[in-house]
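**Q** Submitted below is the structure of interest, expressed as structure tokens.
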Amino acid sequence: MTHETDTPAPADLDATAPGGKVYHYPEHWVADVLASDGRAVRMRPITPDDGDKLVEFHSTLSERTRYLRYFGPYPTMSTRDVRHFTHLDYVRRVGMIMELGDKIIAVGSYEGLDNVDDGKSAEVAFVVADNHQGRGLGPVLLEHLAGAAAENGLERFVAEVLAENRHMVSVFREAGYQVSRSYDGGVVHLEFDIDPTEALLSVRNARERAAEARSVRNVLTPRSIAVIGASTDPSKVGHAVLRNLLGAGFTGPVFPVNAEHRSVRGVRAYASVRDIPDDLDLAVVAVPAEAMDEVFEDCLAKEVKALVVVSAGFSETGPDGQEQERRLVRAARAHGMRVVGPNALGVANTDTAVGLNSTLAPVLPGRGRIGFFCQSGALGIQILDGAAKRRLGLSTFVSAGNRGDVSGNDVLQYWDTDPDTDVVLLYLESFGNPRKFSRIARRVARGKPVVAVKSGRHAVPPALAATGVEIDDATVRALFEQSGVIHVDSIAQLFDCAQVLAYQPLPRGPRVAIVGNSTALGVLAADAVRSEGLDAGDPVDLGARATPEEFADAVTAAVRSEWVDAVMAVFVPPIAVAPEPYAAALRDAAQQSAKPIVTTFLAEEGLPDMLAVHDDGGNPARGSVPSYPGPERAATSLARAWRYSRWLDVPVSTMTRPDGIDTERARALVHGWLAERGQRQLTDSESTSLLACYGIGVVPYVEVADGPSAREAAENIGYPVALKARAADWRRRPDLMGVRLDLSSAEAVGDAYADVSALSGSDVVQVQKMAPKGINCVISVQDDPSFGSVISFGLAGVISTLLGDRAYRVLPVTEDEALELIDAPKGAPLLHGYGFGAPVDKGALVDMVHRVSALIDDIPEVRELVCEPILASAEGVAVLETQVRIGHEPRPVDLGPRRLR
């Protein structure tokens, strides 16, 4: 919520309201958003400096539009109205504008109704320029106004609309709100709650998906392209881009831009983008970073729709380059453009109707149904070359480089809606918005396999190094699997897995039949299958003299067996016998199979042509049999396909928000603490107060500084009690040297106080009610720069910590994921009553996970939270200690109104 202040806010965030008071709005209200046509739009609050722009905007509206908005002609805005619309307090009165360049294209506002619903309602209205209507700007504007209103404590919007303005009525309904209507003559009165319901979020996400997919489609299906920096020198990047673009047979016009030559590679060249006679959908930029500003101005003047910047010299070079990159992206979005890169390898679309290869890669795989996203430009060429050698056909390829604008999230949205893409491959170095990635990947993976390799998995992020929390490779794997993403460890495994997913059906179970003509190879295959957690029967050994017909019959029999879910054929062609008949027999048997078949066919590696079914373009197609150089790689790929198939069979679980949560009080507490003392570690009492707002109770305690106070505290709390040293070095020591338990009398408390205070060197100790005996657990949340907010669970204690026996999930978690989190650690059987213990109340632990998840979702200023130890027993859970750190540091979130990151 914004507040009146006596000190002026930063120049771009403040405004003077009536009465001369200075107000400012939250910086996150400024946002880049996407229209339904995929073009970017800048949104920001109205300031007093916008008066002239607002008058100009009003003058461009048609009489019809002005009539529908203002219920009358209203030809000009009066000085009084201009001041009313531009001088706001950003609490009860908020106005937003959408801009394209320096022109306003839409305006919206709300005004609090003091005498309605205890001041919790506001009247909302907006208008869109005539030539920008139909671009879906109204619902986006309404969404962001509702987000601002909710932050300011409002709960409901009302609107008055002329009955003949059917389009505006539909905007409110299509935005996802549950709208009630009443009529008064020719006016429709609309009312709706602005609380984001599941239905509303679903509509928002669908609108976001369509807009982001369209924005990427604009990049991948351009009708015309300019190559800025096209060079006659074969060693230059601009020459390579133009050569590859022309060689791919792009179906639209290509315009080289070179100020020194009339033509490049026999194509008419232009000195500047401004000189090109046609409209331009896409510009591929291959000029030095220092020349980018001039090039960008030319692209703006030409109204280019998107940029692919292959030039290096931006954020990868340091702070100065990072600032230049930010300026480029900020200006591009403000003028409706999207940017791939900088430092990108480029983009490609193998559709013959497009023929796009604006990459630096000399070798591009053939046409297929795999979408490939790669961050690294340097590795991208080798990756594409490897895919081509494997005969893995691609539908589209995007190398985003520094990801200044377009990211993997955007491309995932595109592939989710692309009918030509069946499998998605990702090579990731980092995540721009991990929460959003998780949300999108969960949805995409339900319809299409998503396979990802992430570099730097074993590196400890600097932000976590001081905490001792290490997100290791096993954790990364768990986090991917939570979203349904198939996690692999290398580029080779990425391609191995893609071969099964692209060409074979998914296994419906873990049972694998092994058929071959080599005893040794069959045994190796069985071992490999079992080591991957799959079931393998005894290998079927046909012997070295088996004919192609016998080989095909054995594979067919295995496929038809009710016991079998997949088949692995291991085959070494007999000496002096051509392998082609055996390959043809295996390929033909696979065409009749609804179960996956993989092979180690040692005649060739990869996917030999003789094992492939070809499409009209001569590329391997569905039904091809993937071949691996060894049964271990075949088994690993098959196992990953099975785990993905099993994930698909699990019904989608819902998010749970427990009862008894006081978000408003929690926010007030945190904001007050930050305003008072800034970012810091909360005291024990502050942490206890914050968690109490979310129904997480800490076992009662009192801090004391002398023996009499300790005895009095024990009497008030009730015996038995525990007494603990509070000095930092004595907390949670595994040897419990600073703790005295089960104190049942005043004398015992007095003696314990004297002992502990002398031992710790501090007069301050804690007297706490003894909790029921149970199993020590720990729940913590840490912000990881790679994944966002990560919640972990494990058994407390030095052994569990030493062994790293923790389970991790990205927040928020669903009902099923919370239960999986509790069951995931290797020590979890102790919670089930392992040995002679009684099972604990797992429901209480799951409920606590959801309460912690809700707290982190609601209060982004909470940077770290630890509850340790938690005593879990059949009676429930008892939290003994908590630790909370708050701060202003931003973290990638996926909450509130949708926006470009």
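Letters A, B, ... mark the chains of the structure tokens in the order given; residue numbers begin at 1 per chain; ligand numbers begin at 1, in order shown.
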List every residue of segment 674-739 of chain A that DSSP, applied to the backbone, labels as helix (DSSP H, G or I), and write the result as an MDAnalysis selection string.
**A** chainID A and resid 674:677 684:692 707:717 728:730
**Q** What lies within 9 Å of Arg680 of chain A using only C-alpha atoms, ignoring chain neighbours under 6 positions off, as JSON, numbers by chain?
**A** {"A": [674, 884, 885, 886, 887]}
**Q** Would you pick out the contacts of Val127 of chain A at 7 Å or less, using only C-alpha atoms, so that residues sharing its chain but fewer than 5 positions from it are not included, and give the list as an NGL selection string?
**A** :A and (69 or 106-108)
**Q** Excluding Arg640 of chain A and residues on its chain fewer than 5 positions from it, collect all residues at most 10 Å away from it, counting only C-alpha atoms, and give them as a ChimeraX atom specification.
**A** /A:451,486-488,497,500-501,506-507,532,635,645-646
**Q** Using all heavy atoms, can you write the selected residues to a file as an mmCIF file, in the first residue's frame?
**A**
```cif
data_model
loop_
_atom_site.group_PDB
_atom_site.id
_atom_site.type_symbol
_atom_site.label_atom_id
_atom_site.label_comp_id
_atom_site.auth_asym_id
_atom_site.auth_seq_id
_atom_site.Cartn_x
_atom_site.Cartn_y
_atom_site.Cartn_z
ATOM 1 N N VAL A 451 11.964 -32.164 -21.963
ATOM 2 C CA VAL A 451 13.240 -32.738 -21.505
ATOM 3 C C VAL A 451 14.220 -31.591 -21.323
ATOM 4 O O VAL A 451 14.369 -30.742 -22.210
ATOM 5 C CB VAL A 451 13.796 -33.750 -22.516
ATOM 6 C CG1 VAL A 451 14.953 -34.525 -21.903
ATOM 7 C CG2 VAL A 451 12.713 -34.706 -22.993
ATOM 8 N N ILE A 486 11.367 -33.901 -17.673
ATOM 9 C CA ILE A 486 12.303 -35.026 -17.670
ATOM 10 C C ILE A 486 13.708 -34.460 -17.581
ATOM 11 O O ILE A 486 14.184 -33.800 -18.511
ATOM 12 C CB ILE A 486 12.130 -35.890 -18.934
ATOM 13 C CG1 ILE A 486 10.692 -36.392 -19.047
ATOM 14 C CG2 ILE A 486 13.115 -37.058 -18.925
ATOM 15 C CD1 ILE A 486 10.379 -37.038 -20.387
ATOM 16 N N HIS A 487 14.370 -34.699 -16.470
ATOM 17 C CA HIS A 487 15.680 -34.120 -16.222
ATOM 18 C C HIS A 487 16.778 -35.061 -16.672
ATOM 19 O O HIS A 487 16.784 -36.243 -16.301
ATOM 20 C CB HIS A 487 15.825 -33.824 -14.723
ATOM 21 C CG HIS A 487 17.155 -33.264 -14.346
ATOM 22 N ND1 HIS A 487 17.870 -33.704 -13.254
ATOM 23 C CD2 HIS A 487 17.922 -32.305 -14.922
ATOM 24 C CE1 HIS A 487 18.996 -33.032 -13.171
ATOM 25 N NE2 HIS A 487 19.058 -32.184 -14.172
ATOM 26 N N VAL A 488 17.704 -34.555 -17.487
ATOM 27 C CA VAL A 488 18.842 -35.347 -17.934
ATOM 28 C C VAL A 488 20.120 -34.607 -17.549
ATOM 29 O O VAL A 488 20.099 -33.431 -17.193
ATOM 30 C CB VAL A 488 18.803 -35.601 -19.454
ATOM 31 C CG1 VAL A 488 17.566 -36.396 -19.827
ATOM 32 C CG2 VAL A 488 18.832 -34.282 -20.227
ATOM 33 N N CYS A 497 17.154 -39.343 -24.895
ATOM 34 C CA CYS A 497 15.766 -39.349 -24.426
ATOM 35 C C CYS A 497 14.813 -38.885 -25.520
ATOM 36 O O CYS A 497 13.723 -39.430 -25.692
ATOM 37 C CB CYS A 497 15.656 -38.455 -23.191
ATOM 38 S SG CYS A 497 14.186 -38.711 -22.213
ATOM 39 N N VAL A 500 13.553 -41.628 -28.036
ATOM 40 C CA VAL A 500 12.427 -42.463 -27.606
ATOM 41 C C VAL A 500 11.122 -41.677 -27.694
ATOM 42 O O VAL A 500 10.110 -42.151 -28.233
ATOM 43 C CB VAL A 500 12.642 -42.964 -26.166
ATOM 44 C CG1 VAL A 500 11.411 -43.722 -25.674
ATOM 45 C CG2 VAL A 500 13.864 -43.854 -26.095
ATOM 46 N N LEU A 501 11.127 -40.462 -27.150
ATOM 47 C CA LEU A 501 9.891 -39.682 -27.053
ATOM 48 C C LEU A 501 9.380 -39.241 -28.421
ATOM 49 O O LEU A 501 8.173 -39.141 -28.628
ATOM 50 C CB LEU A 501 10.128 -38.457 -26.167
ATOM 51 C CG LEU A 501 10.539 -38.767 -24.721
ATOM 52 C CD1 LEU A 501 10.971 -37.497 -24.018
ATOM 53 C CD2 LEU A 501 9.404 -39.437 -23.974
ATOM 54 N N LEU A 506 4.889 -44.107 -25.431
ATOM 55 C CA LEU A 506 5.341 -44.170 -24.043
ATOM 56 C C LEU A 506 5.071 -45.556 -23.470
ATOM 57 O O LEU A 506 4.058 -46.181 -23.769
ATOM 58 C CB LEU A 506 4.599 -43.129 -23.197
ATOM 59 C CG LEU A 506 4.937 -41.668 -23.438
ATOM 60 C CD1 LEU A 506 4.008 -40.777 -22.620
ATOM 61 C CD2 LEU A 506 6.389 -41.369 -23.096
ATOM 62 N N PRO A 507 5.979 -46.053 -22.618
ATOM 63 C CA PRO A 507 5.705 -47.334 -21.945
ATOM 64 C C PRO A 507 4.582 -47.160 -20.928
ATOM 65 O O PRO A 507 4.482 -46.128 -20.269
ATOM 66 C CB PRO A 507 7.032 -47.666 -21.264
ATOM 67 C CG PRO A 507 7.728 -46.356 -21.105
ATOM 68 C CD PRO A 507 7.295 -45.502 -22.257
ATOM 69 N N GLU A 532 18.154 -49.313 -13.547
ATOM 70 C CA GLU A 532 17.328 -48.116 -13.730
ATOM 71 C C GLU A 532 15.976 -48.230 -13.032
ATOM 72 O O GLU A 532 15.112 -47.383 -13.204
ATOM 73 C CB GLU A 532 17.105 -47.857 -15.220
ATOM 74 C CG GLU A 532 18.347 -47.389 -15.963
ATOM 75 C CD GLU A 532 18.786 -45.988 -15.535
ATOM 76 O OE1 GLU A 532 17.943 -45.243 -14.976
ATOM 77 O OE2 GLU A 532 19.968 -45.648 -15.748
ATOM 78 N N ALA A 635 18.600 -48.245 -21.793
ATOM 79 C CA ALA A 635 17.822 -48.476 -20.575
ATOM 80 C C ALA A 635 17.537 -47.164 -19.852
ATOM 81 O O ALA A 635 16.430 -46.948 -19.338
ATOM 82 C CB ALA A 635 18.575 -49.433 -19.652
ATOM 83 N N SER A 645 5.747 -41.235 -18.090
ATOM 84 C CA SER A 645 4.435 -41.848 -18.306
ATOM 85 C C SER A 645 3.697 -42.031 -16.990
ATOM 86 O O SER A 645 2.485 -41.792 -16.897
ATOM 87 C CB SER A 645 4.608 -43.196 -19.017
ATOM 88 O OG SER A 645 3.375 -43.853 -19.200
ATOM 89 N N ARG A 646 4.445 -42.446 -15.960
ATOM 90 C CA ARG A 646 3.832 -42.626 -14.639
ATOM 91 C C ARG A 646 3.362 -41.285 -14.066
ATOM 92 O O ARG A 646 2.304 -41.206 -13.448
ATOM 93 C CB ARG A 646 4.853 -43.289 -13.713
ATOM 94 C CG ARG A 646 4.320 -43.645 -12.336
ATOM 95 C CD ARG A 646 5.360 -44.437 -11.560
ATOM 96 N NE ARG A 646 6.626 -43.715 -11.476
ATOM 97 C CZ ARG A 646 7.744 -44.241 -10.990
ATOM 98 N NH1 ARG A 646 7.768 -45.495 -10.570
ATOM 99 N NH2 ARG A 646 8.842 -43.527 -10.931
#
```
**Q** Using the chain letters and numbers from this document, which residues of segment 40-110 of chain A does DSSP assign to strand (DSSP E), as a ChimeraX atom specification?
**A** /A:40-45,93-100,103-110
**Q** One decimal, Å: what's the distance from atom CA of Gln768 of chain A over to atom CA of Ala722 of chain A, could you say?
**A** 5.2 Å
**Q** Quick one: residues within 10 Å of Asn776 of chain A, only C-alpha atoms counted, chain neighbours fewer than 2 positions away excluded, as number ranges by chain?
**A** A: 773-774, 778, 794-797, 831, 868-873, 877-880
**Q** Counting only C-alpha atoms, figure out which residue out of A:Gly447, A:Pro631, A:Gly618, A:Gly366 gets nearest to Leu602 of chain A.
**A** A:Pro631
**Q** Show me, as an MDAnalysis selection string, the residues that have an atom within 12 Å of Ala748 of chain A when counting only C-alpha atoms, minus same-chain residues fewer than 3 positions from it.
**A** chainID A and resid 707 710:711 714 719:723 740:745 751:755
**Q** Neighbours of segment 556-573 of chain A within 7 Å (only C-alpha atoms; same-chain residues fewer than 6 positions away dropped), as an mmCIF file with N, CA and C atoms, in the first residue's frame?
**A**
```
data_model
loop_
_atom_site.group_PDB
_atom_site.id
_atom_site.type_symbol
_atom_site.label_atom_id
_atom_site.label_comp_id
_atom_site.auth_asym_id
_atom_site.auth_seq_id
_atom_site.Cartn_x
_atom_site.Cartn_y
_atom_site.Cartn_z
ATOM 1 N N PRO A 507 5.979 -46.053 -22.618
ATOM 2 C CA PRO A 507 5.705 -47.334 -21.945
ATOM 3 C C PRO A 507 4.582 -47.160 -20.928
ATOM 4 N N ARG A 508 3.759 -48.161 -20.781
ATOM 5 C CA ARG A 508 2.648 -48.102 -19.825
ATOM 6 C C ARG A 508 2.995 -48.768 -18.506
ATOM 7 N N GLY A 509 4.215 -49.282 -18.406
ATOM 8 C CA GLY A 509 4.650 -49.934 -17.185
ATOM 9 C C GLY A 509 6.148 -50.132 -17.206
ATOM 10 N N PRO A 510 6.719 -50.742 -16.155
ATOM 11 C CA PRO A 510 8.179 -50.870 -16.042
ATOM 12 C C PRO A 510 8.750 -52.186 -16.573
ATOM 13 N N ARG A 511 7.928 -53.053 -17.171
ATOM 14 C CA ARG A 511 8.387 -54.393 -17.545
ATOM 15 C C ARG A 511 8.987 -54.375 -18.948
ATOM 16 N N VAL A 512 10.247 -54.798 -19.040
ATOM 17 C CA VAL A 512 10.992 -54.731 -20.295
ATOM 18 C C VAL A 512 11.416 -56.134 -20.722
ATOM 19 N N ALA A 513 11.080 -56.480 -21.937
ATOM 20 C CA ALA A 513 11.548 -57.734 -22.523
ATOM 21 C C ALA A 513 12.823 -57.467 -23.309
ATOM 22 N N ILE A 514 13.789 -58.377 -23.199
ATOM 23 C CA ILE A 514 15.065 -58.224 -23.895
ATOM 24 C C ILE A 514 15.195 -59.358 -24.899
ATOM 25 N N VAL A 515 15.372 -58.988 -26.140
ATOM 26 C CA VAL A 515 15.494 -59.962 -27.228
ATOM 27 C C VAL A 515 16.800 -59.686 -27.964
ATOM 28 N N GLY A 516 17.610 -60.730 -28.237
ATOM 29 C CA GLY A 516 18.861 -60.520 -28.948
ATOM 30 C C GLY A 516 19.496 -61.797 -29.416
ATOM 31 N N ASN A 517 20.665 -61.633 -30.008
ATOM 32 C CA ASN A 517 21.394 -62.789 -30.520
ATOM 33 C C ASN A 517 22.758 -62.921 -29.872
ATOM 34 N N SER A 518 22.938 -62.249 -28.736
ATOM 35 C CA SER A 518 24.215 -62.320 -28.027
ATOM 36 C C SER A 518 23.939 -62.502 -26.539
ATOM 37 N N LEU A 521 25.601 -59.675 -24.460
ATOM 38 C CA LEU A 521 24.905 -58.389 -24.611
ATOM 39 C C LEU A 521 23.550 -58.431 -23.932
ATOM 40 N N GLY A 522 22.880 -59.603 -23.957
ATOM 41 C CA GLY A 522 21.599 -59.735 -23.283
ATOM 42 C C GLY A 522 21.724 -59.587 -21.778
ATOM 43 N N PRO A 579 23.578 -56.373 -42.475
ATOM 44 C CA PRO A 579 22.684 -56.069 -41.362
ATOM 45 C C PRO A 579 21.313 -55.572 -41.803
ATOM 46 N N ALA A 589 8.577 -54.819 -37.435
ATOM 47 C CA ALA A 589 7.899 -55.283 -36.228
ATOM 48 C C ALA A 589 7.449 -54.098 -35.378
ATOM 49 N N SER A 593 3.549 -52.189 -33.378
ATOM 50 C CA SER A 593 3.606 -52.183 -31.919
ATOM 51 C C SER A 593 3.044 -50.902 -31.321
ATOM 52 N N LYS A 595 3.742 -50.526 -28.182
ATOM 53 C CA LYS A 595 4.689 -50.445 -27.076
ATOM 54 C C LYS A 595 6.041 -49.980 -27.611
ATOM 55 N N PRO A 596 6.797 -49.271 -26.793
ATOM 56 C CA PRO A 596 8.076 -48.757 -27.297
ATOM 57 C C PRO A 596 9.092 -49.867 -27.526
ATOM 58 N N ILE A 597 9.869 -49.691 -28.576
ATOM 59 C CA ILE A 597 10.967 -50.603 -28.892
ATOM 60 C C ILE A 597 12.223 -49.775 -29.066
ATOM 61 N N VAL A 598 13.267 -50.150 -28.348
ATOM 62 C CA VAL A 598 14.575 -49.514 -28.500
ATOM 63 C C VAL A 598 15.582 -50.609 -28.800
ATOM 64 N N THR A 599 16.742 -50.200 -29.295
ATOM 65 C CA THR A 599 17.713 -51.220 -29.682
ATOM 66 C C THR A 599 19.141 -50.760 -29.469
ATOM 67 N N THR A 600 19.991 -51.722 -29.235
ATOM 68 C CA THR A 600 21.432 -51.532 -29.400
ATOM 69 C C THR A 600 21.801 -52.368 -30.617
ATOM 70 N N PHE A 601 21.784 -51.721 -31.738
ATOM 71 C CA PHE A 601 22.019 -52.369 -33.028
ATOM 72 C C PHE A 601 23.433 -51.983 -33.439
ATOM 73 N N LEU A 602 24.369 -52.856 -33.216
ATOM 74 C CA LEU A 602 25.768 -52.478 -33.259
ATOM 75 C C LEU A 602 26.331 -52.302 -34.664
ATOM 76 N N ALA A 603 25.485 -52.359 -35.663
ATOM 77 C CA ALA A 603 25.974 -52.078 -37.009
ATOM 78 C C ALA A 603 26.352 -50.612 -37.147
#
```
**Q** Find the residue from A:Gly51, A:Pro196, A:Pro222, A:Pro626 that sits nearest to Ala353 of chain A; use only C-alpha atoms when measuring.
**A**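 Of the candidates, the smallest distance to Ala353 of chain A is held by A:Pro222.
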**Q** How many Å lie between atom CA of Arg156 of chain A and atom CA of Phe172 of chain A, rounded to one decimal?
**A**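 Going from atom CA of Arg156 of chain A over to atom CA of Phe172 of chain A covers 13.0 Å.
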**Q** Could you check how far atom CA of Val555 of chain A sits from atom CA of Ala528 of chain A, in Å to one decimal?
**A** 19.1 Å
**Q** Taking only C-alpha atoms into account, which of A:Asp418, A:Asp195, A:Asp729, A:Glu715 comes nearest Val749 of chain A?
**A**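 Smallest separation from Val749 of chain A among the options: A:Glu715.
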**Q** Closest to Arg207 of chain A among A:His167, A:Arg135, A:Arg80, A:Arg732, using only C-alpha atoms?
**A**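 For Arg207 of chain A, the nearest of the candidates is A:Arg135.
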**Q** Which residue is closest to Val363 of chain A? Choose from A:Thr317, A:Asn244, A:Thr76, A:Asn349 and count only C-alpha atoms.
**A**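 Selected residue with least distance to Val363 of chain A: A:Asn244.
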**Q** Which of these residues is nearest to Ile105 of chain A, using only C-alpha atoms: A:Ser231, A:Gln493, A:Ser263, A:Gln133?
**A** A:Gln133
